[in-house]
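Listing of start21.cif; format and content: mmCIF, C-alpha atoms, pLDDT in the B column; chains and numbers go by the auth columns.
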```
data_final
loop_
_atom_site.group_PDB
_atom_site.id
_atom_site.type_symbol
_atom_site.label_atom_id
_atom_site.label_comp_id
_atom_site.label_asym_id
_atom_site.label_seq_id
_atom_site.Cartn_x
_atom_site.Cartn_y
_atom_site.Cartn_z
_atom_site.B_iso_or_equiv
_atom_site.auth_seq_id
_atom_site.auth_asym_id
ATOM 1 C CA MET A 1 22.585 3.041 -15.363 89.00 1 A
ATOM 2 C CA LYS A 2 22.565 -0.735 -15.291 94.00 2 A
ATOM 3 C CA TYR A 3 21.302 -2.782 -12.361 96.00 3 A
ATOM 4 C CA LYS A 4 20.999 -6.452 -11.496 97.00 4 A
ATOM 5 C CA ILE A 5 17.785 -7.323 -9.686 97.00 5 A
ATOM 6 C CA ASN A 6 17.196 -10.494 -7.710 97.00 6 A
ATOM 7 C CA ILE A 7 13.839 -11.368 -6.160 97.00 7 A
ATOM 8 C CA GLU A 8 14.317 -13.055 -2.806 97.00 8 A
ATOM 9 C CA LYS A 9 10.685 -13.336 -1.729 97.00 9 A
ATOM 10 C CA VAL A 10 7.226 -12.194 -2.793 98.00 10 A
ATOM 11 C CA SER A 11 4.403 -12.303 -0.245 97.00 11 A
ATOM 12 C CA THR A 12 0.692 -11.659 -0.537 98.00 12 A
ATOM 13 C CA VAL A 13 -0.766 -10.404 2.739 98.00 13 A
ATOM 14 C CA ASP A 14 -4.222 -9.304 3.846 97.00 14 A
ATOM 15 C CA GLU A 15 -2.996 -6.774 6.389 96.00 15 A
ATOM 16 C CA ILE A 16 0.087 -4.935 7.580 95.00 16 A
ATOM 17 C CA LYS A 17 -0.349 -4.924 11.347 86.00 17 A
ATOM 18 C CA GLU A 18 2.490 -2.533 12.062 93.00 18 A
ATOM 19 C CA TYR A 19 0.622 0.221 10.197 97.00 19 A
ATOM 20 C CA TRP A 20 -1.655 0.675 13.217 96.00 20 A
ATOM 21 C CA THR A 21 0.116 1.936 16.338 95.00 21 A
ATOM 22 C CA ASN A 22 -0.994 1.701 19.954 93.00 22 A
ATOM 23 C CA ALA A 23 -1.720 5.428 19.775 94.00 23 A
ATOM 24 C CA ASP A 24 -4.101 4.743 16.871 96.00 24 A
ATOM 25 C CA TYR A 25 -5.863 1.994 18.811 95.00 25 A
ATOM 26 C CA ILE A 26 -6.279 4.220 21.881 94.00 26 A
ATOM 27 C CA GLN A 27 -7.717 7.115 19.870 95.00 27 A
ATOM 28 C CA LEU A 28 -10.051 4.809 17.952 96.00 28 A
ATOM 29 C CA LEU A 29 -11.226 3.204 21.186 95.00 29 A
ATOM 30 C CA GLU A 30 -12.213 6.646 22.444 95.00 30 A
ATOM 31 C CA ARG A 31 -14.247 7.198 19.279 96.00 31 A
ATOM 32 C CA PHE A 32 -15.934 3.842 19.812 96.00 32 A
ATOM 33 C CA ASN A 33 -16.964 4.868 23.339 92.00 33 A
ATOM 34 C CA TYR A 34 -14.222 2.991 25.151 88.00 34 A
ATOM 35 C CA PRO A 35 -12.066 5.658 26.826 82.00 35 A
ATOM 36 C CA ASP A 36 -9.168 5.144 29.251 79.00 36 A
ATOM 37 C CA ALA A 37 -7.817 2.116 27.380 77.00 37 A
ATOM 38 C CA GLU A 38 -4.146 3.019 27.890 77.00 38 A
ATOM 39 C CA GLU A 39 -3.626 0.348 30.540 71.00 39 A
ATOM 40 C CA SER A 40 -4.800 -2.520 28.361 79.00 40 A
ATOM 41 C CA GLU A 41 -2.222 -4.926 26.937 81.00 41 A
ATOM 42 C CA ASN A 42 -4.532 -6.086 24.134 90.00 42 A
ATOM 43 C CA LEU A 43 -5.585 -2.849 22.476 94.00 43 A
ATOM 44 C CA ARG A 44 -6.252 -4.434 19.096 94.00 44 A
ATOM 45 C CA GLU A 45 -8.548 -7.114 20.511 93.00 45 A
ATOM 46 C CA LEU A 46 -10.264 -4.523 22.688 94.00 46 A
ATOM 47 C CA LEU A 47 -10.865 -2.315 19.659 96.00 47 A
ATOM 48 C CA PHE A 48 -12.400 -5.210 17.729 96.00 48 A
ATOM 49 C CA MET A 49 -14.785 -5.849 20.616 93.00 49 A
ATOM 50 C CA ALA A 50 -15.729 -2.165 20.755 94.00 50 A
ATOM 51 C CA ILE A 51 -16.228 -1.965 16.979 95.00 51 A
ATOM 52 C CA SER A 52 -18.542 -4.988 16.990 91.00 52 A
ATOM 53 C CA ASP A 53 -21.108 -3.018 19.030 92.00 53 A
ATOM 54 C CA PHE A 54 -21.628 -0.724 16.034 97.00 54 A
ATOM 55 C CA GLU A 55 -23.263 -1.263 12.671 97.00 55 A
ATOM 56 C CA ALA A 56 -20.678 -1.960 9.987 97.00 56 A
ATOM 57 C CA ASP A 57 -21.297 1.205 7.967 97.00 57 A
ATOM 58 C CA GLU A 58 -21.198 3.366 11.100 98.00 58 A
ATOM 59 C CA ALA A 59 -17.932 1.751 12.189 98.00 59 A
ATOM 60 C CA ALA A 60 -16.504 2.436 8.733 98.00 60 A
ATOM 61 C CA ARG A 61 -17.497 6.106 8.983 98.00 61 A
ATOM 62 C CA ILE A 62 -15.749 6.433 12.346 98.00 62 A
ATOM 63 C CA VAL A 63 -12.478 4.896 11.131 98.00 63 A
ATOM 64 C CA LEU A 64 -12.573 6.810 7.847 98.00 64 A
ATOM 65 C CA ASP A 65 -13.163 10.063 9.712 98.00 65 A
ATOM 66 C CA TYR A 66 -10.254 9.309 12.039 98.00 66 A
ATOM 67 C CA LYS A 67 -7.771 8.697 9.225 98.00 67 A
ATOM 68 C CA LEU A 68 -9.048 10.773 6.313 98.00 68 A
ATOM 69 C CA SER A 69 -11.159 13.663 7.618 97.00 69 A
ATOM 70 C CA GLU A 70 -8.627 16.165 6.244 97.00 70 A
ATOM 71 C CA GLU A 71 -8.689 14.611 2.769 97.00 71 A
ATOM 72 C CA LEU A 72 -12.364 13.695 2.395 97.00 72 A
ATOM 73 C CA SER A 73 -15.619 15.555 2.944 97.00 73 A
ATOM 74 C CA GLU A 74 -18.396 14.218 5.165 97.00 74 A
ATOM 75 C CA GLY A 75 -20.342 13.272 2.054 98.00 75 A
ATOM 76 C CA GLN A 76 -17.402 11.347 0.612 98.00 76 A
ATOM 77 C CA ILE A 77 -16.872 9.514 3.900 98.00 77 A
ATOM 78 C CA GLU A 78 -20.571 8.630 4.014 98.00 78 A
ATOM 79 C CA GLN A 79 -20.450 7.287 0.445 98.00 79 A
ATOM 80 C CA ILE A 80 -17.269 5.282 0.954 98.00 80 A
ATOM 81 C CA SER A 81 -18.509 3.782 4.228 98.00 81 A
ATOM 82 C CA ASN A 82 -21.454 2.294 2.335 97.00 82 A
ATOM 83 C CA ASP A 83 -19.479 1.314 -0.758 97.00 83 A
ATOM 84 C CA MET A 84 -16.903 -0.556 1.351 97.00 84 A
ATOM 85 C CA LEU A 85 -19.516 -3.127 2.329 97.00 85 A
ATOM 86 C CA ILE A 86 -20.041 -4.234 -1.250 96.00 86 A
ATOM 87 C CA ASP A 87 -16.789 -3.458 -3.044 96.00 87 A
ATOM 88 C CA THR A 88 -13.023 -3.126 -2.488 97.00 88 A
ATOM 89 C CA VAL A 89 -12.985 0.659 -2.719 97.00 89 A
ATOM 90 C CA CYS A 90 -9.282 0.746 -1.879 97.00 90 A
ATOM 91 C CA GLU A 91 -8.473 -0.942 -5.199 97.00 91 A
ATOM 92 C CA GLU A 92 -10.559 1.368 -7.360 93.00 92 A
ATOM 93 C CA TYR A 93 -10.569 4.766 -5.671 96.00 93 A
ATOM 94 C CA PRO A 94 -9.545 7.330 -8.310 95.00 94 A
ATOM 95 C CA GLU A 95 -7.281 9.313 -5.979 96.00 95 A
ATOM 96 C CA MET A 96 -4.301 6.960 -5.911 96.00 96 A
ATOM 97 C CA GLU A 97 -2.705 8.720 -2.946 97.00 97 A
ATOM 98 C CA LEU A 98 -5.571 7.495 -0.756 98.00 98 A
ATOM 99 C CA GLN A 99 -5.571 3.858 -1.861 97.00 99 A
ATOM 100 C CA SER A 100 -2.967 2.761 0.681 98.00 100 A
ATOM 101 C CA THR A 101 -4.802 4.288 3.648 98.00 101 A
ATOM 102 C CA LEU A 102 -8.111 2.926 2.381 98.00 102 A
ATOM 103 C CA PHE A 103 -6.541 -0.537 2.219 98.00 103 A
ATOM 104 C CA HIS A 104 -5.438 -0.391 5.859 98.00 104 A
ATOM 105 C CA ILE A 105 -8.885 0.846 6.939 98.00 105 A
ATOM 106 C CA ASN A 106 -10.646 -1.805 4.860 98.00 106 A
ATOM 107 C CA GLN A 107 -8.590 -4.639 6.277 97.00 107 A
ATOM 108 C CA LEU A 108 -8.973 -3.454 9.869 97.00 108 A
ATOM 109 C CA LEU A 109 -12.744 -3.527 9.383 97.00 109 A
ATOM 110 C CA PHE A 110 -12.546 -6.853 7.518 97.00 110 A
ATOM 111 C CA LYS A 111 -10.814 -8.416 10.531 96.00 111 A
ATOM 112 C CA ALA A 112 -13.034 -6.719 13.117 96.00 112 A
ATOM 113 C CA PHE A 113 -16.246 -7.848 11.411 96.00 113 A
ATOM 114 C CA ASN A 114 -15.012 -11.356 10.536 93.00 114 A
ATOM 115 C CA GLY A 115 -15.218 -10.916 6.799 92.00 115 A
ATOM 116 C CA LYS A 116 -18.327 -8.736 6.486 95.00 116 A
ATOM 117 C CA PHE A 117 -16.274 -6.324 4.377 97.00 117 A
ATOM 118 C CA PRO A 118 -14.743 -7.583 1.095 97.00 118 A
ATOM 119 C CA SER A 119 -11.065 -8.347 1.568 97.00 119 A
ATOM 120 C CA SER A 120 -8.151 -6.855 -0.326 97.00 120 A
ATOM 121 C CA SER A 121 -4.442 -7.614 -0.337 98.00 121 A
ATOM 122 C CA ALA A 122 -0.985 -6.102 -0.442 98.00 122 A
ATOM 123 C CA THR A 123 2.119 -7.444 -2.165 98.00 123 A
ATOM 124 C CA ILE A 124 5.482 -7.317 -0.387 98.00 124 A
ATOM 125 C CA ILE A 125 8.614 -7.835 -2.469 98.00 125 A
ATOM 126 C CA ASP A 126 12.006 -8.496 -0.873 98.00 126 A
ATOM 127 C CA CYS A 127 14.794 -8.028 -3.382 98.00 127 A
ATOM 128 C CA THR A 128 18.341 -6.925 -4.028 97.00 128 A
ATOM 129 C CA ILE A 129 19.114 -4.223 -6.594 97.00 129 A
ATOM 130 C CA ILE A 130 22.818 -3.951 -7.367 95.00 130 A
ATOM 131 C CA PRO A 131 24.301 -1.337 -9.722 92.00 131 A
ATOM 132 C CA SER A 132 26.740 -2.642 -12.306 91.00 132 A
ATOM 133 C CA ASP A 133 28.966 0.346 -11.651 88.00 133 A
ATOM 134 C CA LYS A 134 30.326 0.035 -8.122 84.00 134 A
ATOM 135 C CA ASN A 135 30.796 3.796 -8.052 84.00 135 A
ATOM 136 C CA ASN A 136 27.105 4.386 -8.719 84.00 136 A
ATOM 137 C CA ASP A 137 25.708 5.862 -5.517 84.00 137 A
ATOM 138 C CA THR A 138 22.386 7.003 -6.992 88.00 138 A
ATOM 139 C CA LYS A 139 19.539 6.761 -4.507 91.00 139 A
ATOM 140 C CA LEU A 140 16.802 4.682 -6.111 94.00 140 A
ATOM 141 C CA THR A 141 13.367 6.293 -6.160 96.00 141 A
ATOM 142 C CA LYS A 142 9.984 4.606 -6.436 97.00 142 A
ATOM 143 C CA GLU A 143 9.793 5.715 -10.052 96.00 143 A
ATOM 144 C CA MET A 144 13.164 4.178 -10.876 96.00 144 A
ATOM 145 C CA ILE A 145 12.318 0.911 -9.155 97.00 145 A
ATOM 146 C CA LEU A 146 9.055 0.521 -11.043 97.00 146 A
ATOM 147 C CA ARG A 147 10.876 1.074 -14.293 97.00 147 A
ATOM 148 C CA LEU A 148 13.501 -1.486 -13.299 97.00 148 A
ATOM 149 C CA PHE A 149 10.681 -3.982 -12.742 97.00 149 A
ATOM 150 C CA ASN A 150 9.060 -3.295 -16.113 96.00 150 A
ATOM 151 C CA GLU A 151 10.522 -6.257 -17.979 93.00 151 A
ATOM 152 C CA ALA A 152 9.953 -8.636 -15.047 96.00 152 A
ATOM 153 C CA LEU A 153 6.206 -8.028 -14.976 97.00 153 A
ATOM 154 C CA SER A 154 3.689 -9.951 -17.044 97.00 154 A
ATOM 155 C CA ASP A 155 1.964 -8.066 -19.846 96.00 155 A
ATOM 156 C CA ARG A 156 -1.272 -8.665 -17.912 96.00 156 A
ATOM 157 C CA ASN A 157 -0.043 -6.398 -15.127 97.00 157 A
ATOM 158 C CA ILE A 158 -2.304 -3.392 -14.699 97.00 158 A
ATOM 159 C CA VAL A 159 0.562 -0.955 -14.012 97.00 159 A
ATOM 160 C CA LYS A 160 2.249 -1.886 -17.291 96.00 160 A
ATOM 161 C CA ARG A 161 -1.014 -1.523 -19.165 96.00 161 A
ATOM 162 C CA LEU A 162 -2.099 1.787 -17.618 96.00 162 A
ATOM 163 C CA PHE A 163 1.321 3.455 -17.472 97.00 163 A
ATOM 164 C CA GLU A 164 3.171 2.080 -20.495 96.00 164 A
ATOM 165 C CA GLU A 165 4.897 5.343 -21.414 96.00 165 A
ATOM 166 C CA GLN A 166 5.874 6.030 -17.808 96.00 166 A
ATOM 167 C CA MET A 167 7.220 2.522 -17.233 96.00 167 A
ATOM 168 C CA ASN A 168 9.290 2.793 -20.399 94.00 168 A
ATOM 169 C CA GLY A 169 10.817 6.045 -19.138 91.00 169 A
ATOM 170 C CA ASN A 170 9.374 8.199 -21.901 90.00 170 A
ATOM 171 C CA VAL A 171 7.506 10.568 -19.583 94.00 171 A
ATOM 172 C CA GLU A 172 7.573 11.481 -15.920 94.00 172 A
ATOM 173 C CA PHE A 173 5.923 9.067 -13.516 96.00 173 A
ATOM 174 C CA PRO A 174 4.505 10.922 -10.457 96.00 174 A
ATOM 175 C CA GLU A 175 1.987 8.090 -9.909 97.00 175 A
ATOM 176 C CA ALA A 176 4.889 5.889 -8.816 97.00 176 A
ATOM 177 C CA GLU A 177 4.854 7.592 -5.416 97.00 177 A
ATOM 178 C CA HIS A 178 1.423 6.086 -4.769 97.00 178 A
ATOM 179 C CA ILE A 179 1.777 2.800 -6.660 98.00 179 A
ATOM 180 C CA ILE A 180 4.583 1.807 -4.309 98.00 180 A
ATOM 181 C CA TRP A 181 3.143 2.346 -0.847 98.00 181 A
ATOM 182 C CA GLU A 182 6.409 1.935 1.006 97.00 182 A
ATOM 183 C CA LEU A 183 10.015 1.545 -0.066 97.00 183 A
ATOM 184 C CA LYS A 184 12.495 0.439 2.581 96.00 184 A
ATOM 185 C CA GLU A 185 16.224 0.036 2.031 94.00 185 A
ATOM 186 C CA LEU A 186 17.001 -2.571 4.654 91.00 186 A
ATOM 187 C CA ASP A 187 20.707 -2.807 3.988 85.00 187 A
ATOM 188 C CA SER A 188 23.093 -1.976 1.202 85.00 188 A
ATOM 189 C CA ASN A 189 21.264 -2.927 -2.018 93.00 189 A
ATOM 190 C CA GLN A 190 18.495 -4.767 -0.136 96.00 190 A
ATOM 191 C CA PHE A 191 14.956 -3.454 -0.477 97.00 191 A
ATOM 192 C CA LYS A 192 11.459 -4.199 0.765 98.00 192 A
ATOM 193 C CA ILE A 193 8.719 -2.930 -1.544 98.00 193 A
ATOM 194 C CA THR A 194 5.080 -2.770 -0.451 98.00 194 A
ATOM 195 C CA THR A 195 2.347 -2.188 -2.998 98.00 195 A
ATOM 196 C CA SER A 196 -1.257 -3.033 -3.724 98.00 196 A
ATOM 197 C CA GLY A 197 -2.068 -6.671 -4.388 97.00 197 A
ATOM 198 C CA ASN A 198 -4.392 -5.400 -7.077 97.00 198 A
ATOM 199 C CA LEU A 199 -1.697 -3.416 -8.887 97.00 199 A
ATOM 200 C CA VAL A 200 1.067 -6.026 -8.622 98.00 200 A
ATOM 201 C CA LYS A 201 0.017 -9.634 -8.146 97.00 201 A
ATOM 202 C CA LYS A 202 2.553 -12.235 -7.053 97.00 202 A
ATOM 203 C CA GLU A 203 1.965 -14.366 -10.149 97.00 203 A
ATOM 204 C CA GLU A 204 2.575 -11.357 -12.419 97.00 204 A
ATOM 205 C CA ILE A 205 6.245 -11.215 -11.408 97.00 205 A
ATOM 206 C CA ILE A 206 7.550 -13.598 -14.046 96.00 206 A
ATOM 207 C CA SER A 207 11.310 -13.204 -13.501 95.00 207 A
ATOM 208 C CA SER A 208 13.334 -13.825 -10.366 96.00 208 A
ATOM 209 C CA GLU A 209 16.627 -12.448 -11.652 97.00 209 A
ATOM 210 C CA TRP A 210 17.332 -10.001 -14.452 97.00 210 A
ATOM 211 C CA GLU A 211 19.336 -6.974 -15.521 95.00 211 A
ATOM 212 C CA SER A 212 17.845 -3.650 -16.494 94.00 212 A
ATOM 213 C CA GLU A 213 19.110 -0.291 -17.637 92.00 213 A
ATOM 214 C CA ILE A 214 17.400 3.015 -16.896 89.00 214 A
ATOM 215 C CA GLU A 215 18.202 6.676 -17.119 78.00 215 A
ATOM 216 C CA GLU A 216 17.033 9.328 -14.714 65.00 216 A
ATOM 217 C CA PHE A 217 14.185 11.215 -16.318 54.00 217 A
ATOM 218 C CA GLU A 218 15.050 14.822 -17.066 48.00 218 A
ATOM 219 C CA ASN A 219 12.650 17.611 -17.948 46.00 219 A
ATOM 220 C CA ASP A 220 13.050 19.210 -21.332 39.00 220 A
#
```
Whole structure, structure tokens version:
Amino acid sequence: MKYKINIEKVSTVDEIKEYWTNADYIQLLERFNYPDAEESENLRELLFMAISDFEADEAARIVLDYKLSEELSEGQIEQISNDMLIDTVCEEYPEMELQSTLFHINQLLFKAFNGKFPSSSATIIDCTIIPSDKNNDTKLTKEMILRLFNEALSDRNIVKRLFEEQMNGNVEFPEAEHIIWELKELDSNQFKITTSGNLVKKEEIISSEWESEIEEFEND
């Protein structure tokens, strides 16, 4: 299957505000001893004020427990809450499926504590992906999109270096589900791709328009 890809915009951002909902802010405010916040119009600012009354590592434990208590043990949460103050854990955590959530937690704390936590980033790619065959109605997956981007990424790119066989389509690529944090099809052939700024840096996208051919991976 052949596709033509055109990059419309690449952005590097230090947070994705829409990740956190008002319901999240209200529940976090309760955990930071500020109940009955439903009537406030500035929940985010109120949460930052409430967080600032706590030590940074304790605040990290509270937010980590809120978002990841089902995935992490108390000991892991304790360790990460301390590590986050000295390192970007979200970029290095071995369980890739948690890196996205850890990024959002890290950046919330980074903003609340005015930079006391090391900052990380996300990369947002707006692009069009058009099949050469107009009758091709295949729904593009995260795996397929990463493989389409293979030749447009610099050889310095960490995804290309760590997952060479997967990017070339030689083996299955389950990690793609967690490398691309969010894949939105905005309109016909228009996509918004959100990923880690550590895994795909803006400057590592070295082509703005190209054609690529891939085949759906099939098990033997």
Q.
I'd like the neighbourhood of region 88-104 of chain A as a PyMOL selection string, where a residue qualifies if any of its atoms comes within 12 Å (using only C-alpha atoms), though same-chain residues fewer than 3 positions away should be ignored.
A. chain A and resi 13-20+60-61+63-72+76-77+79-85+107-111+116-123+158+174-182+194-200
Q: Pick out the closest residue to Trp210 (chain A) from this set: A:Ser188, A:Cys127, A:Lys160, A:Ile86. Count only C-alpha atoms.
A: A:Cys127
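If you measure from each of A:Ile145, A:Met1, A:Ile7, A:Leu162 to Ile205 (chain A) using all atoms listed in the file, the closest one turns out to be A:Ile7.
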Q. Using all atoms listed in the file, which residue out of A:Val10, A:Glu45, A:Ile129, A:Asn170 lies closest to Lys202 (chain A)?
A. A:Val10
At a cut-off of 12 Å around the point (-6.4, 5.4, 18.0) (file coordinates), what residues fall inside when counting only C-alpha atoms? I'd like the answer as a short mmCIF file (atom, residue, chain, number, x, y, z; two decimals) with C-alpha atoms, in the frame of the given file.
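Result file follows (result.cif):
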```cif
data_model
loop_
_atom_site.label_atom_id
_atom_site.label_comp_id
_atom_site.auth_asym_id
_atom_site.auth_seq_id
_atom_site.Cartn_x
_atom_site.Cartn_y
_atom_site.Cartn_z
CA TYR A 19 0.62 0.22 10.20
CA TRP A 20 -1.66 0.68 13.22
CA THR A 21 0.12 1.94 16.34
CA ASN A 22 -0.99 1.70 19.95
CA ALA A 23 -1.72 5.43 19.77
CA ASP A 24 -4.10 4.74 16.87
CA TYR A 25 -5.86 1.99 18.81
CA ILE A 26 -6.28 4.22 21.88
CA GLN A 27 -7.72 7.12 19.87
CA LEU A 28 -10.05 4.81 17.95
CA LEU A 29 -11.23 3.20 21.19
CA GLU A 30 -12.21 6.65 22.44
CA ARG A 31 -14.25 7.20 19.28
CA PHE A 32 -15.93 3.84 19.81
CA ASN A 33 -16.96 4.87 23.34
CA TYR A 34 -14.22 2.99 25.15
CA PRO A 35 -12.07 5.66 26.83
CA ASP A 36 -9.17 5.14 29.25
CA ALA A 37 -7.82 2.12 27.38
CA GLU A 38 -4.15 3.02 27.89
CA LEU A 43 -5.58 -2.85 22.48
CA ARG A 44 -6.25 -4.43 19.10
CA LEU A 46 -10.26 -4.52 22.69
CA LEU A 47 -10.86 -2.32 19.66
CA ILE A 62 -15.75 6.43 12.35
CA VAL A 63 -12.48 4.90 11.13
CA LEU A 64 -12.57 6.81 7.85
CA ASP A 65 -13.16 10.06 9.71
CA TYR A 66 -10.25 9.31 12.04
CA LYS A 67 -7.77 8.70 9.22
#
```
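Using only C-alpha atoms, the contacts of Asp133 (chain A) at a cut-off of 12 Å, with sequence neighbours closer than 6 positions omitted, comprise Met1, Lys2, Tyr3, Lys4 and Glu213 of chain A.
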Q | Coordinates-based distance that separates CA of Ile105 (chain A) from CA of Gln190 (chain A) (Å, one decimal) | A |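 Those two atoms sit 28.8 Å apart.
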Considering all atoms listed in the file, return as a compact mmCIF listing (two decimals) with C-alpha atoms, in the frame of the given file whatever protein or nucleic-acid residues lie within 10 Å of Asp126 (chain A), sequence-local ones (same chain, fewer than 2 positions apart) excluded.
```txt
# COMPACT_ATOMS: atom_id res chain seq x y z
CA ASN A 6 17.20 -10.49 -7.71
CA ILE A 7 13.84 -11.37 -6.16
CA GLU A 8 14.32 -13.06 -2.81
CA LYS A 9 10.68 -13.34 -1.73
CA VAL A 10 7.23 -12.19 -2.79
CA SER A 11 4.40 -12.30 -0.24
CA ILE A 124 5.48 -7.32 -0.39
CA THR A 128 18.34 -6.92 -4.03
CA LYS A 184 12.50 0.44 2.58
CA GLU A 185 16.22 0.04 2.03
CA LEU A 186 17.00 -2.57 4.65
CA GLN A 190 18.50 -4.77 -0.14
CA PHE A 191 14.96 -3.45 -0.48
CA LYS A 192 11.46 -4.20 0.76
CA ILE A 193 8.72 -2.93 -1.54
CA THR A 194 5.08 -2.77 -0.45
```
Q: Report as a PyMOL selection string the residues that result from applying the PyMOL selection byres ((chain A and resi 206) around 8) to the structure here.
A: chain A and resi 152-154+203-205+207-208
